Amino acid sequence: MTNMLKDKVVLVTGAGGGIGREMALLAAKEGAKVVVNDLGGAVDGEGSGSATAAEKVCEEIKAAGGHAVPNGDSVSDPAGAERMVKAAVENFGRIDGVINNAGILRDRIFHRMSHMDWKMVIDVHLNGSFNTSRAAANYFKEQKSGAFVHFTSTSGLVGNFGQANYSAAKMGIIGLSRSIALDMAAFNVRSNCISPFAWTRMIGTIPADTEAQKARLERSKKMTPAKIAPMAVYLLSDSAQEQGITSQIFGVRMNEIMLFNANRPVRSVHNSEGWTLEDIAEHAVPSMKPYFTDLKRSPEYFTWDPI
């Protein structure tokens, strides 16, 4: 045991199973006291929810000699997010890290997506990440330390079929993380994102209608949630603080860690006379077209072998 999170207090949302559970267990193993949050609802966000899943993870942590308390609030509720953070402070005296992992899926092809499908996914992923982060921000500011780890997705980074709501939320989380990193740098607070590649309950809902899709999902099953946890937990550590890691996007895929680049201009064209529509068609577009984003480059682009 390295105890890289010794004496730290961490909130992990959506920690009743999958990636969240693995991060909560590893954080506790590394010496952190953990607030294990999980609403206990269905993948699509329906259902009244239950704290049973969170309680079971807490029992696992305690059985291994660690410290944890469960929380069954929804991240989409600002008051619930405040209760999560207060649970950390009231039980363990402080809050040092927040991992925003909770999520749902309501996949629909865009022309069939309802306003409710859109709102529920945005509320959990994007608003939820804001709510928990905002609830912890003043504690971080006062103690002049703290770290956020948010979960994005290649669905946001490169897009995906039938996930306009999820993709928009996950791309929004990147903007949120970068703004938090900028706004709170003066208080020694860091904020980073992880784009995970792992087989989870949510991934299991993706349809596999073709042989290629079935093969992709079979490969995905080899990418266990436990592989994601080390990077997320490391980003909460003093070592990550000393190395100044903030405002970054990491990908984790089996035994591979990637760093995604920030959006930057890839081509610029200047016309001192100004641009007419004809000039754009004849000169600007042909010059830029080799750099256009390929619509066919879906997240399947990231399923290269070996894993």
# chains A, B, ... in the order shown; residues from 1 in each chain; ligands from 1
call {"tool": "residues_around", "arguments": {"residues": "stretch 76-78 of chain A", "least_positions_apart": "6", "cutoff": "8 Å", "atoms": "only C-alpha atoms", "output": "list in words"}}
result
Asp123, Val124, Asn127, Gly128, Asn131, Thr132 and Ala135 of chain A
call {"tool": "write_last_selection", "arguments": {"atoms": "N, CA, C and O atoms", "output": "PDB file, in the first residue's frame"}}
result
ATOM      1  N   ASP A 123     -28.887  17.231 -17.068  1.00  0.00           N
ATOM      2  CA  ASP A 123     -29.009  17.469 -15.623  1.00  0.00           C
ATOM      3  C   ASP A 123     -28.048  16.600 -14.826  1.00  0.00           C
ATOM      4  O   ASP A 123     -27.442  17.064 -13.856  1.00  0.00           O
ATOM      5  N   VAL A 124     -27.919  15.339 -15.208  1.00  0.00           N
ATOM      6  CA  VAL A 124     -27.051  14.444 -14.437  1.00  0.00           C
ATOM      7  C   VAL A 124     -25.575  14.693 -14.748  1.00  0.00           C
ATOM      8  O   VAL A 124     -24.762  14.879 -13.837  1.00  0.00           O
ATOM      9  N   ASN A 127     -24.943  19.391 -15.379  1.00  0.00           N
ATOM     10  CA  ASN A 127     -25.380  20.104 -14.180  1.00  0.00           C
ATOM     11  C   ASN A 127     -24.916  19.391 -12.919  1.00  0.00           C
ATOM     12  O   ASN A 127     -24.561  20.027 -11.917  1.00  0.00           O
ATOM     13  N   GLY A 128     -24.908  18.058 -12.952  1.00  0.00           N
ATOM     14  CA  GLY A 128     -24.442  17.307 -11.798  1.00  0.00           C
ATOM     15  C   GLY A 128     -22.988  17.589 -11.483  1.00  0.00           C
ATOM     16  O   GLY A 128     -22.610  17.752 -10.307  1.00  0.00           O
ATOM     17  N   ASN A 131     -22.901  20.967  -9.926  1.00  0.00           N
ATOM     18  CA  ASN A 131     -23.470  21.014  -8.576  1.00  0.00           C
ATOM     19  C   ASN A 131     -22.493  20.518  -7.516  1.00  0.00           C
ATOM     20  O   ASN A 131     -22.297  21.165  -6.485  1.00  0.00           O
ATOM     21  N   THR A 132     -21.897  19.364  -7.746  1.00  0.00           N
ATOM     22  CA  THR A 132     -20.976  18.828  -6.746  1.00  0.00           C
ATOM     23  C   THR A 132     -19.704  19.662  -6.658  1.00  0.00           C
ATOM     24  O   THR A 132     -19.170  19.884  -5.565  1.00  0.00           O
ATOM     25  N   ALA A 135     -20.466  22.820  -4.782  1.00  0.00           N
ATOM     26  CA  ALA A 135     -20.654  22.565  -3.356  1.00  0.00           C
ATOM     27  C   ALA A 135     -19.329  22.437  -2.631  1.00  0.00           C
ATOM     28  O   ALA A 135     -19.212  22.791  -1.443  1.00  0.00           O
TER      29      ALA A 135
END
call {"tool": "select_by_dssp", "arguments": {"residues": "stretch 26-206 of chain A", "states": "helix (DSSP H, G or I)", "output": "ChimeraX atom specification"}}
result
/A:26-29,52-63,78-92,110-112,115-143,154-157,164-187,203-205
call {"tool": "residues_around", "arguments": {"residues": "A:Glu82", "least_positions_apart": "5", "cutoff": "12 Å", "atoms": "only C-alpha atoms", "output": "PyMOL selection string"}}
result
chain A and resi 11+71+73-77+87-90+95+128+130-139
call {"tool": "closest_residue", "arguments": {"among": "A:Val98, A:Met254, A:Val69, A:Met288", "to": "A:His270", "atoms": "only C-alpha atoms"}}
result
A:Met288
call {"tool": "residues_around", "arguments": {"residues": "A:Arg21", "least_positions_apart": "2", "cutoff": "9 Å", "atoms": "only C-alpha atoms", "output": "list in words"}}
result
Val12, Gly14, Ala15, Gly16, Gly17, Gly18, Ile19, Met23, Ala24, Leu25, Leu26, Val36, Ala54, Val57, Pro225, Ala226 and Ala229 of chain A
call {"tool": "write_last_selection", "arguments": {"atoms": "N, CA and C atoms", "output": "CSV table (one decimal), in the first residue's frame"}}
result
chain,number,residue,atom,x,y,z
A,12,VAL,N,-16.9,10.4,-4.2
A,12,VAL,CA,-17.0,9.8,-5.5
A,12,VAL,C,-18.5,9.6,-5.8
A,14,GLY,N,-21.7,8.3,-8.2
A,14,GLY,CA,-22.0,7.2,-9.0
A,14,GLY,C,-21.1,6.0,-8.7
A,15,ALA,N,-20.8,5.8,-7.4
A,15,ALA,CA,-19.8,4.9,-6.9
A,15,ALA,C,-20.4,3.5,-6.5
A,16,GLY,N,-21.7,3.3,-6.8
A,16,GLY,CA,-22.3,2.0,-6.4
A,16,GLY,C,-21.9,0.8,-7.2
A,17,GLY,N,-21.3,1.0,-8.4
A,17,GLY,CA,-20.9,0.0,-9.2
A,17,GLY,C,-19.9,0.5,-10.3
A,18,GLY,N,-19.4,-0.4,-11.1
A,18,GLY,CA,-18.6,0.0,-12.3
A,18,GLY,C,-17.4,0.7,-11.9
A,19,ILE,N,-17.1,1.8,-12.8
A,19,ILE,CA,-15.9,2.6,-12.6
A,19,ILE,C,-15.9,3.3,-11.2
A,23,MET,N,-13.1,3.2,-8.2
A,23,MET,CA,-12.3,4.4,-7.8
A,23,MET,C,-12.5,4.5,-6.3
A,24,ALA,N,-13.7,4.3,-5.7
A,24,ALA,CA,-13.9,4.4,-4.3
A,24,ALA,C,-13.1,3.4,-3.5
A,25,LEU,N,-13.0,2.2,-4.0
A,25,LEU,CA,-12.3,1.1,-3.3
A,25,LEU,C,-10.8,1.5,-3.4
A,26,LEU,N,-10.3,1.9,-4.5
A,26,LEU,CA,-8.9,2.3,-4.6
A,26,LEU,C,-8.5,3.5,-3.8
A,36,VAL,N,-19.2,7.6,-0.5
A,36,VAL,CA,-19.7,6.8,-1.6
A,36,VAL,C,-21.1,7.2,-2.0
A,54,ALA,N,-24.5,2.0,-2.7
A,54,ALA,CA,-23.5,2.8,-2.0
A,54,ALA,C,-23.2,2.1,-0.7
A,57,VAL,N,-20.8,-0.8,-1.1
A,57,VAL,CA,-19.4,-0.4,-1.4
A,57,VAL,C,-18.7,0.0,-0.1
A,225,PRO,N,-13.5,-1.9,-15.6
A,225,PRO,CA,-13.5,-0.7,-14.8
A,225,PRO,C,-12.3,-0.4,-13.9
A,226,ALA,N,-11.7,-1.5,-13.4
A,226,ALA,CA,-10.6,-1.4,-12.5
A,226,ALA,C,-9.4,-0.7,-13.2
A,229,ALA,N,-9.4,3.2,-12.6
A,229,ALA,CA,-9.3,3.8,-11.3
A,229,ALA,C,-7.9,4.4,-10.9
call {"tool": "closest_atom_pairs", "arguments": {"of": "stretch 129-233 of chain A", "to": "stretch 263-266 of chain A", "cutoff": "12 Å", "atoms": "only C-alpha atoms", "output": "JSON lines"}}
result
{"residue": "A:Leu157", "atom": "CA", "partner": "A:Asn263", "partner_atom": "CA", "distance": 9.8}
{"residue": "A:Val158", "atom": "CA", "partner": "A:Asn263", "partner_atom": "CA", "distance": 11.5}
{"residue": "A:Met171", "atom": "CA", "partner": "A:Asn263", "partner_atom": "CA", "distance": 11.4}
{"residue": "A:Ile174", "atom": "CA", "partner": "A:Asn263", "partner_atom": "CA", "distance": 10.8}
{"residue": "A:Gly175", "atom": "CA", "partner": "A:Asn263", "partner_atom": "CA", "distance": 10.9}
{"residue": "A:Arg178", "atom": "CA", "partner": "A:Asn263", "partner_atom": "CA", "distance": 12.0}
call {"tool": "atom_distance", "arguments": {"atom1": "atom CA of A:Ala185", "atom2": "atom CA of A:Val149"}}
result
14.7 Å
